[in-house]
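Next comes entry-v1.cif, with mmCIF, C-alpha atoms.
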```cif
data_coords
#
loop_
_atom_site.label_atom_id
_atom_site.label_comp_id
_atom_site.auth_asym_id
_atom_site.auth_seq_id
_atom_site.Cartn_x
_atom_site.Cartn_y
_atom_site.Cartn_z
CA MET S 959 -18.92 -17.97 1.23
CA LYS S 960 -16.27 -20.68 0.99
CA ASP S 961 -14.84 -22.06 4.21
CA ASP S 962 -12.29 -24.35 2.63
CA LEU S 963 -9.29 -22.41 1.40
CA ARG S 964 -5.63 -22.93 0.74
CA ALA S 965 -3.30 -20.07 1.51
CA GLU S 966 0.46 -20.13 1.07
CA THR S 967 3.54 -18.08 0.30
CA ILE S 968 4.86 -18.75 -3.17
CA ARG S 969 7.49 -17.26 -5.44
CA ILE S 970 6.59 -15.52 -8.66
CA SER S 971 8.72 -14.04 -11.40
CA GLY S 972 8.77 -10.26 -11.03
CA HIS S 973 10.70 -7.31 -12.40
CA GLY S 974 14.03 -8.33 -13.90
CA GLY S 975 13.15 -11.99 -13.42
CA ASP S 976 13.50 -11.65 -9.66
CA GLN S 977 11.76 -14.43 -7.76
CA ILE S 978 9.72 -12.41 -5.29
CA LYS S 979 7.41 -13.64 -2.55
CA ALA S 980 3.66 -13.54 -3.06
CA TYR S 981 0.78 -14.62 -0.86
CA LEU S 982 -1.71 -16.82 -2.70
CA ALA S 983 -5.13 -17.75 -1.32
CA GLN S 984 -7.72 -19.73 -3.24
CA PRO S 985 -10.79 -21.91 -2.81
CA VAL S 986 -10.14 -25.64 -2.86
CA ASP S 987 -13.53 -26.97 -3.85
CA GLY S 988 -12.91 -27.15 -7.58
CA GLY S 989 -14.37 -25.09 -10.35
CA SER S 990 -12.87 -22.06 -12.02
CA PHE S 991 -12.46 -18.70 -10.35
CA PRO S 992 -11.57 -15.13 -11.24
CA GLY S 993 -8.37 -13.73 -9.82
CA VAL S 994 -7.78 -10.60 -7.77
CA LEU S 995 -4.39 -8.94 -7.50
CA VAL S 996 -4.23 -7.32 -4.06
CA ILE S 997 -1.78 -4.41 -3.81
CA HIS S 998 -0.67 -3.76 -0.28
CA HIS S 999 -0.55 -0.34 1.33
CA MET S 1000 2.56 1.68 2.07
CA PRO S 1001 3.05 -0.05 5.47
CA GLY S 1002 3.84 -3.17 3.53
CA TRP S 1003 3.04 -6.82 2.94
CA ASP S 1004 1.44 -7.18 6.32
CA GLU S 1005 -1.05 -9.39 8.12
CA SER S 1006 -4.05 -7.22 7.37
CA THR S 1007 -3.33 -7.29 3.63
CA LYS S 1008 -2.98 -11.06 3.75
CA GLU S 1009 -6.34 -11.19 5.50
CA ILE S 1010 -7.80 -9.19 2.63
CA THR S 1011 -6.30 -11.73 0.21
CA ARG S 1012 -7.90 -14.59 2.15
CA ARG S 1013 -11.20 -12.72 2.16
CA PHE S 1014 -11.22 -12.74 -1.62
CA ALA S 1015 -10.55 -16.48 -1.59
CA ALA S 1016 -13.42 -17.01 0.85
CA ASN S 1017 -15.65 -15.20 -1.62
CA GLY S 1018 -14.68 -17.33 -4.60
CA TYR S 1019 -11.63 -15.56 -6.01
CA ILE S 1020 -8.00 -16.52 -6.43
CA GLY S 1021 -6.31 -13.83 -4.37
CA ILE S 1022 -2.66 -13.02 -4.92
CA CYS S 1023 -0.63 -10.39 -3.11
CA PRO S 1024 3.00 -9.94 -4.14
CA SER S 1025 5.47 -8.40 -1.72
CA LEU S 1026 6.36 -5.15 -3.44
CA HIS S 1027 9.07 -4.61 -0.84
CA HIS S 1028 10.74 -7.97 -1.41
CA ARG S 1029 14.01 -6.46 -2.63
CA GLU S 1030 14.26 -4.21 0.41
CA GLY S 1031 14.12 -7.20 2.75
CA PRO S 1032 13.11 -10.63 1.50
CA ASP S 1033 13.19 -12.08 5.00
CA ALA S 1034 12.65 -8.89 6.98
CA SER S 1035 9.46 -8.14 8.86
CA PRO S 1036 6.95 -6.20 6.74
CA ASP S 1037 7.44 -3.01 8.74
CA ASP S 1038 11.23 -3.12 8.39
CA ALA S 1039 10.96 -3.75 4.64
CA ALA S 1040 8.39 -0.96 4.30
CA ALA S 1041 10.64 1.45 6.17
CA ALA S 1042 13.53 0.57 3.87
CA ALA S 1043 11.34 1.12 0.80
CA ARG S 1044 10.17 4.46 2.17
CA ALA S 1045 13.75 5.55 2.82
CA LYS S 1046 14.50 4.88 -0.86
CA GLY S 1047 11.59 7.05 -1.98
CA GLY S 1048 9.00 4.35 -2.50
CA VAL S 1049 8.54 1.54 -5.03
CA PRO S 1050 9.46 2.57 -8.61
CA ASP S 1051 6.49 2.31 -10.96
CA GLU S 1052 8.40 0.24 -13.51
CA ARG S 1053 9.27 -2.34 -10.87
CA PHE S 1054 5.72 -2.40 -9.54
CA LEU S 1055 4.22 -2.95 -12.97
CA ALA S 1056 6.52 -5.85 -13.75
CA ASP S 1057 5.87 -7.45 -10.36
CA ALA S 1058 2.12 -7.00 -10.86
CA ALA S 1059 2.31 -8.47 -14.36
CA GLY S 1060 4.12 -11.48 -12.92
CA ALA S 1061 1.40 -11.98 -10.31
CA ILE S 1062 -1.35 -11.69 -12.92
CA ALA S 1063 0.40 -14.16 -15.21
CA HIS S 1064 0.76 -16.60 -12.34
CA VAL S 1065 -2.96 -16.46 -11.56
CA ARG S 1066 -3.90 -16.98 -15.20
CA SER S 1067 -1.55 -19.97 -15.38
CA LEU S 1068 -3.45 -21.80 -12.65
CA PRO S 1069 -5.81 -24.54 -13.85
CA THR S 1070 -8.55 -23.06 -11.65
CA SER S 1071 -8.38 -19.60 -13.27
CA ASN S 1072 -11.32 -18.43 -15.36
CA GLY S 1073 -8.95 -16.10 -17.19
CA LYS S 1074 -10.30 -12.89 -15.65
CA VAL S 1075 -8.21 -10.88 -13.19
CA GLY S 1076 -9.11 -7.78 -11.23
CA VAL S 1077 -6.82 -5.50 -9.28
CA ILE S 1078 -7.39 -3.68 -6.00
CA GLY S 1079 -5.03 -1.47 -4.04
CA TYR S 1080 -5.06 0.49 -0.82
CA CYS S 1081 -3.28 3.75 0.07
CA SER S 1082 -0.21 3.96 -2.20
CA GLY S 1083 -1.59 0.75 -3.72
CA GLY S 1084 -4.67 2.69 -4.85
CA ARG S 1085 -2.51 4.76 -7.16
CA GLN S 1086 -0.75 1.58 -8.28
CA SER S 1087 -4.13 -0.04 -8.99
CA PHE S 1088 -5.04 2.94 -11.17
CA LEU S 1089 -1.70 2.62 -12.95
CA ALA S 1090 -2.20 -1.11 -13.46
CA ALA S 1091 -5.65 -0.47 -14.94
CA CYS S 1092 -4.03 1.84 -17.50
CA THR S 1093 -1.10 -0.44 -18.30
CA LEU S 1094 -1.72 -4.12 -17.67
CA ASP S 1095 -4.14 -6.72 -18.99
CA VAL S 1096 -6.74 -6.61 -16.21
CA ASN S 1097 -10.52 -6.84 -16.40
CA ALA S 1098 -11.60 -4.59 -13.51
CA ALA S 1099 -9.91 -2.34 -10.98
CA VAL S 1100 -10.56 -0.81 -7.57
CA ASP S 1101 -8.71 2.21 -6.19
CA CYS S 1102 -9.07 2.57 -2.42
CA TYR S 1103 -7.98 6.08 -1.39
CA GLY S 1104 -4.92 6.23 -3.61
CA ALA S 1105 -3.04 9.52 -3.39
CA PHE S 1106 -1.12 11.20 -6.22
CA VAL S 1107 -3.21 9.80 -9.04
CA ILE S 1108 -3.48 13.50 -9.67
CA GLY S 1109 -0.99 16.07 -8.38
CA SER S 1110 2.59 15.48 -7.30
CA PRO S 1111 3.97 15.19 -3.78
CA PRO S 1112 5.69 18.35 -2.56
CA GLU S 1113 9.42 18.20 -3.18
CA ASN S 1114 10.19 17.86 0.50
CA MET S 1115 8.13 14.70 0.79
CA GLY S 1116 11.04 12.50 -0.13
CA LEU S 1117 8.85 10.22 -2.21
CA LYS S 1118 9.19 9.82 -5.94
CA PHE S 1119 5.54 9.40 -6.86
CA THR S 1120 4.45 11.07 -10.05
CA PRO S 1121 0.84 11.66 -11.08
CA VAL S 1122 -0.69 9.02 -13.34
CA ILE S 1123 -3.85 10.84 -14.44
CA ASP S 1124 -2.29 11.44 -17.87
CA ARG S 1125 -2.37 7.66 -18.34
CA ALA S 1126 -6.16 7.58 -17.92
CA ARG S 1127 -6.74 7.67 -21.67
CA ASP S 1128 -5.21 4.18 -21.77
CA MET S 1129 -7.41 2.79 -19.01
CA ARG S 1130 -8.56 -0.55 -20.29
CA CYS S 1131 -11.01 -1.72 -17.64
CA PRO S 1132 -13.82 -0.38 -15.42
CA LEU S 1133 -12.60 1.43 -12.30
CA LEU S 1134 -14.30 1.59 -8.90
CA GLY S 1135 -13.01 4.32 -6.61
CA LEU S 1136 -13.62 4.33 -2.84
CA PHE S 1137 -12.59 7.39 -0.84
CA GLY S 1138 -13.05 9.09 2.52
CA ALA S 1139 -14.54 12.58 2.72
CA GLU S 1140 -12.06 13.49 5.47
CA ASP S 1141 -8.97 12.27 3.65
CA LYS S 1142 -6.25 14.73 2.66
CA TYR S 1143 -4.39 12.27 0.41
CA PRO S 1144 -6.39 12.40 -1.81
CA THR S 1145 -8.71 15.30 -1.05
CA VAL S 1146 -12.35 15.29 -2.10
CA GLU S 1147 -11.47 17.96 -4.67
CA GLU S 1148 -8.81 15.72 -6.20
CA VAL S 1149 -11.25 12.81 -6.31
CA GLY S 1150 -13.66 15.07 -8.18
CA GLN S 1151 -10.96 16.01 -10.68
CA ILE S 1152 -10.08 12.37 -11.33
CA GLU S 1153 -13.72 11.49 -11.81
CA ALA S 1154 -14.22 14.42 -14.19
CA GLU S 1155 -11.30 13.27 -16.32
CA LEU S 1156 -12.59 9.69 -16.51
CA LYS S 1157 -15.99 11.02 -17.50
CA ARG S 1158 -14.45 13.25 -20.16
CA LEU S 1159 -12.59 10.26 -21.57
CA GLY S 1160 -15.68 8.07 -21.50
CA LYS S 1161 -14.11 5.52 -19.17
CA THR S 1162 -16.41 3.23 -17.22
CA HIS S 1163 -16.09 4.14 -13.56
CA GLU S 1164 -17.98 4.52 -10.31
CA PHE S 1165 -16.72 6.67 -7.44
CA HIS S 1166 -17.97 6.75 -3.86
CA VAL S 1167 -16.89 9.19 -1.16
CA PHE S 1168 -17.88 8.15 2.36
CA ASP S 1169 -18.81 10.75 4.94
CA GLY S 1170 -17.25 10.33 8.35
CA ALA S 1171 -14.32 8.40 6.92
CA GLY S 1172 -10.75 9.41 6.22
CA HIS S 1173 -7.73 7.60 4.90
CA ALA S 1174 -7.40 3.84 5.55
CA PHE S 1175 -11.00 3.33 6.61
CA PHE S 1176 -10.77 -0.31 5.50
CA SER S 1177 -7.99 -1.13 8.01
CA PRO S 1178 -9.65 -3.06 10.85
CA ASP S 1179 -6.52 -2.97 13.02
CA ARG S 1180 -6.13 0.80 12.99
CA PRO S 1181 -8.02 3.66 14.63
CA SER S 1182 -8.82 4.92 11.12
CA TYR S 1183 -11.22 1.98 10.62
CA ARG S 1184 -14.78 3.10 9.91
CA GLN S 1185 -17.23 0.24 10.15
CA ALA S 1186 -20.02 1.73 8.05
CA ALA S 1187 -17.76 2.82 5.20
CA ALA S 1188 -15.80 -0.43 5.23
CA THR S 1189 -18.93 -2.60 5.22
CA GLU S 1190 -20.50 -0.67 2.36
CA GLY S 1191 -17.15 -0.58 0.57
CA TRP S 1192 -16.74 -4.35 0.68
CA LYS S 1193 -20.26 -4.75 -0.69
CA LEU S 1194 -19.43 -2.44 -3.59
CA ILE S 1195 -16.15 -4.25 -4.26
CA PHE S 1196 -17.79 -7.64 -4.54
CA GLU S 1197 -20.57 -6.25 -6.72
CA TRP S 1198 -17.95 -4.65 -9.00
CA PHE S 1199 -15.79 -7.72 -9.35
CA GLY S 1200 -18.89 -9.92 -9.59
CA ARG S 1201 -20.08 -7.82 -12.53
CA TYR S 1202 -16.82 -7.71 -14.48
CA LEU S 1203 -14.88 -10.85 -13.55
CA ALA S 1204 -17.52 -13.57 -13.73
CA MET A 1189 -4.37 11.17 6.67
CA CYS A 1190 -1.51 9.21 5.25
CA SER A 1191 0.95 12.07 4.99
CA TYR A 1192 3.57 10.43 2.77
CA VAL A 1193 5.94 13.17 3.96
CA THR A 1194 9.35 11.72 4.66
CA GLU A 1195 12.24 13.79 5.91
CA LYS A 1196 15.56 12.00 5.72
CA THR A 1197 18.94 13.01 7.05
CA PRO A 1198 22.37 11.40 7.27
CA VAL A 1199 23.30 10.67 10.87
CA GLU A 1200 26.51 9.63 12.59
CA GLY A 1201 26.12 7.38 15.57
CA SER A 1202 24.86 3.97 16.58
CA GLY A 1203 21.60 2.25 17.39
CA LYS A 1204 20.72 -0.97 19.15
CA GLY A 1205 18.40 -3.32 17.29
CA PRO A 1206 17.35 -6.96 17.73
CA GLN A 1207 20.85 -8.14 16.72
CA GLY A 1208 22.70 -5.67 18.92
CA TRP A 1209 24.50 -2.43 18.19
CA PHE A 1210 25.13 -1.22 14.67
CA GLY A 1211 26.39 1.96 13.03
CA LEU A 1212 23.72 4.27 11.64
CA SER A 1213 23.73 5.93 8.23
CA HIS A 1214 20.42 7.81 8.17
CA ALA A 1215 17.25 8.74 10.02
CA SER A 1216 13.86 8.84 8.30
CA VAL A 1217 11.25 11.02 9.96
CA TYR A 1218 7.60 10.99 8.92
CA VAL A 1219 4.06 11.48 10.17
CA ASP A 1220 1.88 8.54 9.24
CA HIS A 1221 -0.27 5.75 10.54
CA PRO A 1222 1.66 3.84 13.21
CA TYR A 1223 2.22 0.09 13.21
CA PHE A 1224 1.77 -0.39 16.91
CA THR A 1225 0.75 2.75 18.76
CA PRO A 1226 -3.03 3.00 19.17
CA LEU A 1227 -3.29 6.46 17.62
CA GLU A 1228 -4.48 7.60 14.19
CA HIS A 1229 -1.13 9.20 13.40
CA THR A 1230 2.28 9.34 14.96
CA LEU A 1231 5.63 10.95 14.35
CA ASN A 1232 7.76 8.02 13.30
CA ILE A 1233 11.55 7.87 13.30
CA ASP A 1234 13.52 5.07 11.69
CA PHE A 1235 17.19 5.04 12.56
CA ILE A 1236 18.71 2.92 9.81
CA ARG A 1237 21.91 1.73 8.20
CA GLU A 1238 21.08 1.58 4.54
CA ASP A 1239 23.78 -0.88 3.46
CA ALA A 1240 22.97 -3.41 6.18
CA GLY A 1241 19.50 -4.52 5.13
CA ALA A 1242 16.00 -3.74 6.30
CA GLN A 1243 16.54 -5.35 9.69
CA ALA A 1244 19.14 -2.72 10.61
CA ARG A 1245 16.53 -0.38 12.02
CA VAL A 1246 15.60 1.16 15.33
CA ALA A 1247 12.04 2.47 15.12
CA VAL A 1248 9.95 4.69 17.36
CA GLU A 1249 6.39 5.97 17.00
CA LEU A 1250 5.53 9.02 19.12
CA SER A 1251 2.42 11.06 19.62
CA THR A 1252 2.86 14.52 18.14
CA GLU A 1253 2.92 16.03 21.63
CA SER A 1254 5.62 13.59 22.71
CA ALA A 1255 7.63 14.28 19.57
CA ARG A 1256 7.57 18.01 20.20
CA ALA A 1257 8.56 17.45 23.83
CA LEU A 1258 11.43 15.26 22.66
CA VAL A 1259 12.63 17.96 20.26
CA ARG A 1260 12.65 20.45 23.15
CA CYS A 1261 14.56 18.01 25.37
CA ILE A 1262 17.18 17.34 22.72
CA GLU A 1263 17.69 21.05 22.08
CA SER A 1264 17.81 21.75 25.80
CA ALA A 1265 20.32 18.99 26.50
CA LEU A 1266 22.57 20.07 23.63
CA ALA A 1267 22.41 23.70 24.69
CA ALA A 1268 23.28 22.77 28.29
CA ALA A 1269 26.26 20.71 27.13
CA GLU A 1270 27.58 23.62 25.07
CA ARG A 1271 27.49 26.08 27.97
#
```

Could you express the structure from this file as structure tokens?
Amino acid sequence: MKDDLRAETIRISGHGGDQIKAYLAQPVDGGSFPGVLVIHHMPGWDESTKEITRRFAANGYIGICPSLHHREGPDASPDDAAAAARAKGGVPDERFLADAAGAIAHVRSLPTSNGKVGVIGYCSGGRQSFLAACTLDVNAAVDCYGAFVIGSPPENMGLKFTPVIDRARDMRCPLLGLFGAEDKYPTVEEVGQIEAELKRLGKTHEFHVFDGAGHAFFSPDRPSYRQAAATEGWKLIFEWFGRYLA
Amino acid sequence: MCSYVTEKTPVEGSGKGPQGWFGLSHASVYVDHPYFTPLEHTLNIDFIREDAGAQARVAVELSTESARALVRCIESALAAAER
């Protein structure tokens, strides 16, 4: 555990060359470190996601979390920007991927980078983490209860998510999946279907479904928080990234 | 659950936000995890003006029971006014 960190808001070059905000947290005691791209949940670039980013730094990683809702409100509060993004149908995949690529490139440009970068995402960010693992140059990925990896939202949902399971053949890094048995987005059945496809394709993966947990069990500031699942989940995350990003 | 379901409708009217009154263009209605209310899920309504930036928003998070009661009150008030 590292107590001495530096955390700051920076600008990175994202989709279309836009200079979007990103939260960067890193150890300050020298050496070289792997990076972790943290993808925030649908409620936005909020305090709890920044805490997650700092947690990676405290455990010896360069954590970076771009604001995927920057265009909707560069100076708005995270909840206002998230509401604006939701009203537009969510973040387009093309924009997300370019923003994520910009964040990854920034981490690798740092003199303290060891060149390896992992990606982790929560909620809608879980699907985006899966998509990044199939598209971008990353070395390990974690999907925390991402919905619509498989299956499309009903038409009345108002969101433009499309399934990304057909991209699985291009997955270029090991994937850890962490899910709640009581979640409906995704359901346990859907998690099983995703796992079966990864197995069929011979992709390195490890899935865990926690009993007594639903969606957002990692969120310590919400009633959905489940201490046992979150504690075990964090242990699995650090083992996964420790194995593939060292 | 994180429902992802978002119903959106154009609305005519005004809302009062941190910067005062502004004209509304839409309302987004969804059931999801709340930001502030200490419940697992709430019925959330964002009254927004899309061309005025993300800050042009009046937000409420209601328990499902409260939301249904509100729907009944709105219908009742409108029906009474039309009599």

- Message: Counting all atoms listed in the file, a student should be able to say which residues of chain A come within 9 Å of chain S; what is the right answer, written as a ChimeraX atom specification?
- Response: /A:1189-1196,1214-1216,1218,1221-1224,1226-1229,1234,1236,1238,1241-1245,1247

- Task: Go ahead and compute the interatomic distance for atom CA of Tyr981 of chain S and atom CA of Pro1206 of chain A, in Å to one decimal.
- Result: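 Computing the Euclidean distance for atom CA of Tyr981 of chain S and atom CA of Pro1206 of chain A yields 26.1 Å.
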
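Within the 10 Å cut-off around Phe1210 of chain A, using all atoms listed in the file and omitting residues fewer than 3 positions from it on the same chain, the listed residues are Gly1201, Ser1202, Gly1203, Lys1204, Gly1205, Gln1207, Ser1213, Ile1236, Arg1237, Ala1240, Ala1244, Arg1245 and Val1246 of chain A.
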
- Residue members of the PyMOL selection byres ((chain S and resi 1154-1170) around 6) in the file shown, as an MDAnalysis selection string: chainID S and resid 1132:1139 1151:1153 1171

- Task: Using only C-alpha atoms, determine which residues lie at most 9 Å from Thr1225 of chain A, disregarding the query and same-chain residues fewer than 6 positions distant; provide the list as a PyMOL selection string.
- Result: chain A and resi 1249-1251

- Message: Report, in Å to a single decimal, how far apart atom CA of Val996 of chain S and atom CA of Ile1078 of chain S are.
- Response: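 Interatomic distance here is 5.2 Å.
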
With the file shown as input, list the residues that the PyMOL selection byres ((chain S and resi 1058) around 10) selects, as a PDB file with C-alpha atoms, in the coordinates of the input.
```
ATOM      1  CA  ILE S 970       6.590 -15.520  -8.660  1.00  0.00           C
ATOM      2  CA  SER S 971       8.720 -14.040 -11.400  1.00  0.00           C
ATOM      3  CA  GLY S 972       8.770 -10.260 -11.030  1.00  0.00           C
ATOM      4  CA  HIS S 973      10.700  -7.310 -12.400  1.00  0.00           C
ATOM      5  CA  LEU S 995      -4.390  -8.940  -7.500  1.00  0.00           C
ATOM      6  CA  VAL S 996      -4.230  -7.320  -4.060  1.00  0.00           C
ATOM      7  CA  ILE S 997      -1.780  -4.410  -3.810  1.00  0.00           C
ATOM      8  CA  ILE S1022      -2.660 -13.020  -4.920  1.00  0.00           C
ATOM      9  CA  CYS S1023      -0.630 -10.390  -3.110  1.00  0.00           C
ATOM     10  CA  PRO S1024       3.000  -9.940  -4.140  1.00  0.00           C
ATOM     11  CA  SER S1025       5.470  -8.400  -1.720  1.00  0.00           C
ATOM     12  CA  LEU S1026       6.360  -5.150  -3.440  1.00  0.00           C
ATOM     13  CA  GLU S1052       8.400   0.240 -13.510  1.00  0.00           C
ATOM     14  CA  ARG S1053       9.270  -2.340 -10.870  1.00  0.00           C
ATOM     15  CA  PHE S1054       5.720  -2.400  -9.540  1.00  0.00           C
ATOM     16  CA  LEU S1055       4.220  -2.950 -12.970  1.00  0.00           C
ATOM     17  CA  ALA S1056       6.520  -5.850 -13.750  1.00  0.00           C
ATOM     18  CA  ASP S1057       5.870  -7.450 -10.360  1.00  0.00           C
ATOM     19  CA  ALA S1059       2.310  -8.470 -14.360  1.00  0.00           C
ATOM     20  CA  GLY S1060       4.120 -11.480 -12.920  1.00  0.00           C
ATOM     21  CA  ALA S1061       1.400 -11.980 -10.310  1.00  0.00           C
ATOM     22  CA  ILE S1062      -1.350 -11.690 -12.920  1.00  0.00           C
ATOM     23  CA  ALA S1063       0.400 -14.160 -15.210  1.00  0.00           C
ATOM     24  CA  HIS S1064       0.760 -16.600 -12.340  1.00  0.00           C
ATOM     25  CA  VAL S1077      -6.820  -5.500  -9.280  1.00  0.00           C
ATOM     26  CA  GLN S1086      -0.750   1.580  -8.280  1.00  0.00           C
ATOM     27  CA  SER S1087      -4.130  -0.040  -8.990  1.00  0.00           C
ATOM     28  CA  ALA S1090      -2.200  -1.110 -13.460  1.00  0.00           C
ATOM     29  CA  LEU S1094      -1.720  -4.120 -17.670  1.00  0.00           C
TER      30      LEU S1094
END
```

- Query: Pick the closest to Asp961 of chain S from S:Val1049, S:Val994, S:Ala1015, S:Ala1098: which is it, counting all atoms listed in the file?
  - Reply: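 So, comparing all the options, the nearest one is S:Ala1015.
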
- Mind giving me the straight-line distance from atom CA of Arg1130 of chain S to atom CA of Ser1177 of chain S in Å, one decimal? 28.3 Å

- Query: Evaluating the PyMOL selection byres ((chain S and resi 1014) around 12) on the displayed file yields which residues, as number ranges by chain?
  - Reply: S: 959-961, 963-965, 982-985, 991-996, 1007-1013, 1015-1023, 1076-1078, 1192, 1195-1196, 1199-1200

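Of the residues listed (A:Glu1253, A:Phe1235, A:Ala1268, A:Thr1230), A:Phe1235 shows the shortest atom-to-atom separation from Pro1198 of chain A; distances use all atoms listed in the file.
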
- Item | Who sits within 10 Å of Ile1108 of chain S, only C-alpha atoms, same chain under 6 positions skipped, as a PyMOL selection string | chain S and resi 1085+1120-1124+1144+1148-1149+1151-1152

- Ala1091 of chain S surroundings by all atoms listed in the file, 7 Å radius, close-in-sequence under 5 positions cut, as an MDAnalysis selection string: chainID S and resid 1096 1099 1129:1131
